[in-house]
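Here the structure comes first, spelled out in structure tokens, and everything after it is commentary.
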Amino acid sequence: MSEAYTFSDPRLTELDGFKVTIAPEKERCDIVLDRAPLNVISMAQRDQLRLVFEALDEDERVRIIVLSGTGEHFSSGGNIRGFMEASPEHVSKLAWNIAAPARCSKPVIAANRGYTFGVGFEISLACDFRIVSETCRYALPEQKLGQIPGSGGSARLQKIVGVTRTKDIVMRSKRIPGRTAFEWGIATECVADGELEATVDALVDELRAFSPLAQRTAKKMLNDTDDAFLTTAIEIEGLNYSRLRQSEDFKEGVEAFHDKRKANFVGR
């Protein structure tokens, strides 16, 4: 049973355009964009989303975080007027705020349906898994405003699909259907719209079965080596492997394998 999440940080007393719930028995926390019908993301909301991810990262009750949107659309993007009203200092923090899911040590799943434009796409790209419905449309439409993506969208996308497809998406403000996003490697999985929540639930359960320590280690290792030389990446992988060999979870995993039983991982 989910319940409203209570934050100790006074800056999160009133959430701007989203809600946060926790299901302790499932070790799951949901961040739901909640400004229907398009779930437009305000400038203040970006700051709060960063703070929320940082708070959940420190909460031992939370193993998995799911980011979704209310209604037919994940998010049509940011509040356009907000860009003109924000100070240059505030705008300079946009990419840092939206990168919060990537910095979070825990697995973060984005559930995308309908419009997933601009910052909605960018924060999804910062998540570890993107489960999309067939209604999903990804886009970075900033060229229509005489701008470029400013929260890491083009940089992350280029890492995934290469410069040719990224230019096609960014320079033409092109919309990418969910099925194409899956075929191009942008989305982890594409399912029928009515199956989105069940697919996300199943992924949460699957991830919870693994060692929390091994999950955190794998996420950080893969993020840190994303732009590293192959030799450096192999070295970092080896060091992390060696460190995990000393963990209680690895010992439990080996014993469970030989005993032909389910492992009971504790995250140490």
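Chain lettering (A, B, ...) mirrors the order of the structure tokens, residue numbering begins at 1 for each chain separately, and ligand numbering begins at 1 in order of display.
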
**OP:** Skip segment 26-28 of chain A itself and residues of its chain fewer than 4 positions away, then list as number ranges by chain all residues within 6 Å of it, counting only C-alpha atoms.
**Re:** A: 22, 61-65

**OP:** Write out as JSON, numbers by chain each polymer residue whose atoms come within 10 Å of segment 261-263 of chain A, counting only C-alpha atoms; drop sequence neighbours fewer than 2 positions from it.
**Re:** {"A": [209, 210, 211, 249, 250, 251, 252, 253, 254, 255, 256, 257, 258, 259, 265, 266]}

Subject >> Test item: residues at most 8 Å from Thr70 of chain A, only C-alpha atoms, excluding those fewer than 5 positions along its chain, as a count of residues only >> reply: 7

Original post:
Could you pull out the alpha helix (DSSP H) residues of segment 84-245 of chain A from DSSP and send them as JSON, numbers by chain?
Top reply: {"A": [84, 85, 88, 89, 90, 91, 94, 95, 96, 97, 98, 100, 101, 102, 103, 119, 120, 121, 122, 123, 124, 125, 153, 154, 155, 156, 157, 158, 159, 160, 161, 162, 163, 164, 165, 166, 167, 168, 169, 170, 171, 178, 179, 180, 181, 182, 183, 196, 197, 198, 199, 200, 201, 202, 203, 204, 205, 206, 207, 208, 212, 213, 214, 215, 216, 217, 218, 219, 220, 221, 222, 223, 224, 230, 231, 232, 233, 234, 235, 236, 237, 238, 239, 240, 241, 242, 243, 244]}

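Residue nearest Pro107 of chain A within the list A:Glu195, A:Asp205, A:Asp227, A:Glu142: A:Asp205 [criterion: smallest interatomic distance, only C-alpha atoms].
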
Original post:
Could you work out how far atom CA of Lys159 of chain A lies from atom CA of Asp224 of chain A, giving the answer in Å with one decimal?
Top reply: 13.4 Å

Can you write out as a Markdown table which residues of segment 99-174 of chain A fall within 12 Å of segment 186-193 of chain A, alongside each residue's closest atom pair and its distance in Å to one decimal, counting only C-alpha atoms and ordering rows by chain and ascending residue number?
| residue | atom | partner | partner_atom | distance |
| --- | --- | --- | --- | --- |
| A:Ile109 | CA | A:Thr188 | CA | 9.8 |
| A:Ala110 | CA | A:Ala187 | CA | 9.5 |
| A:Ala111 | CA | A:Ala187 | CA | 10.0 |
| A:Asn112 | CA | A:Ala187 | CA | 9.3 |
| A:Arg113 | CA | A:Asp193 | CA | 7.3 |
| A:Gly114 | CA | A:Asp193 | CA | 9.2 |
| A:Phe121 | CA | A:Ile186 | CA | 10.5 |
| A:Glu122 | CA | A:Ile186 | CA | 11.6 |
| A:Ser124 | CA | A:Ala187 | CA | 9.6 |
| A:Leu125 | CA | A:Ile186 | CA | 8.0 |
| A:Ala126 | CA | A:Ile186 | CA | 11.3 |
| A:Cys127 | CA | A:Ala187 | CA | 10.6 |
| A:Asp128 | CA | A:Thr188 | CA | 9.0 |
| A:Phe129 | CA | A:Thr188 | CA | 5.8 |
| A:Arg130 | CA | A:Ala187 | CA | 5.0 |
| A:Ile131 | CA | A:Glu189 | CA | 5.0 |
| A:Val132 | CA | A:Cys190 | CA | 4.8 |
| A:Ser133 | CA | A:Asp193 | CA | 4.7 |
| A:Glu134 | CA | A:Ala192 | CA | 5.5 |
| A:Thr135 | CA | A:Asp193 | CA | 6.5 |
| A:Cys136 | CA | A:Asp193 | CA | 8.7 |
| A:Arg137 | CA | A:Ala187 | CA | 11.2 |
| A:Tyr138 | CA | A:Ile186 | CA | 9.5 |
| A:Ala139 | CA | A:Ile186 | CA | 11.8 |
| A:Gly153 | CA | A:Ile186 | CA | 11.8 |
| A:Arg156 | CA | A:Ile186 | CA | 9.9 |
| A:Leu157 | CA | A:Ile186 | CA | 7.7 |
| A:Gln158 | CA | A:Ile186 | CA | 10.2 |
| A:Lys159 | CA | A:Ile186 | CA | 10.0 |
| A:Ile160 | CA | A:Ile186 | CA | 6.5 |
| A:Val161 | CA | A:Ile186 | CA | 7.3 |
| A:Gly162 | CA | A:Ile186 | CA | 11.0 |
| A:Arg165 | CA | A:Ile186 | CA | 11.2 |
| A:Thr166 | CA | A:Ile186 | CA | 11.2 |

Could you give me, as a short mmCIF file (atom, residue, chain, number, x, y, z; two decimals) with N, CA and C atoms, in the first residue's frame, the residues within 12 Å of Glu85 of chain A, counting only C-alpha atoms and dropping anything in the same chain fewer than 6 positions from it?
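Result saved to around_34.cif:
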data_model
loop_
_atom_site.label_atom_id
_atom_site.label_comp_id
_atom_site.auth_asym_id
_atom_site.auth_seq_id
_atom_site.Cartn_x
_atom_site.Cartn_y
_atom_site.Cartn_z
N SER A 42 7.86 23.14 -14.15
CA SER A 42 8.25 24.53 -13.87
C SER A 42 9.72 24.59 -13.47
N MET A 43 10.25 25.81 -13.43
CA MET A 43 11.63 26.01 -13.03
C MET A 43 11.83 25.58 -11.57
N ALA A 44 10.90 25.98 -10.70
CA ALA A 44 11.01 25.61 -9.29
C ALA A 44 10.91 24.10 -9.10
N ASN A 79 8.11 24.87 -18.62
CA ASN A 79 7.34 26.10 -18.70
C ASN A 79 8.13 27.12 -19.52
N VAL A 91 19.40 29.31 -14.52
CA VAL A 91 19.42 28.54 -15.76
C VAL A 91 20.66 27.66 -15.84
#

Original post:
atom CA of Val204 of chain A and atom CA of Tyr115 of chain A, how far apart in Å?
Top reply: 23.5 Å

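Proximity ranking of A:Phe18, A:Phe229, A:Trp96, A:Phe53 relative to Val40 of chain A places A:Phe18 first, based on only C-alpha atoms.
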
Subject >> Separation of atom CA of Thr217 of chain A from atom CA of Phe74 of chain A in Å >> reply: 29.2 Å

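Nearest to Gly178 of chain A of all the residues A:Pro88, A:Ala23, A:Thr116, A:Val200 is A:Thr116, counting only C-alpha atoms.
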
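Among the candidates A:Gly152, A:Pro24, A:Pro141, A:Gly17, the one nearest to Asp59 of chain A when counting only C-alpha atoms is A:Pro24.
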
**OP:** Give me every strand (DSSP E) residue in segment 46-262 of chain A, going by DSSP on the backbone, as an MDAnalysis selection string.
**Re:** chainID A and resid 64:69 108:112 115:117 129:133 137:139 176:177 189:191

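Shortest atom-to-atom contact with Gly78 of chain A among A:Leu51, A:Leu38, A:Val170, A:Val119: A:Val119, counting only C-alpha atoms.
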
Original post:
Restricting the calculation to only C-alpha atoms, which member of A:Ala218, A:Leu56, A:Leu49, A:Leu67 is positioned closest to Glu197 of chain A?
Top reply: A:Leu67
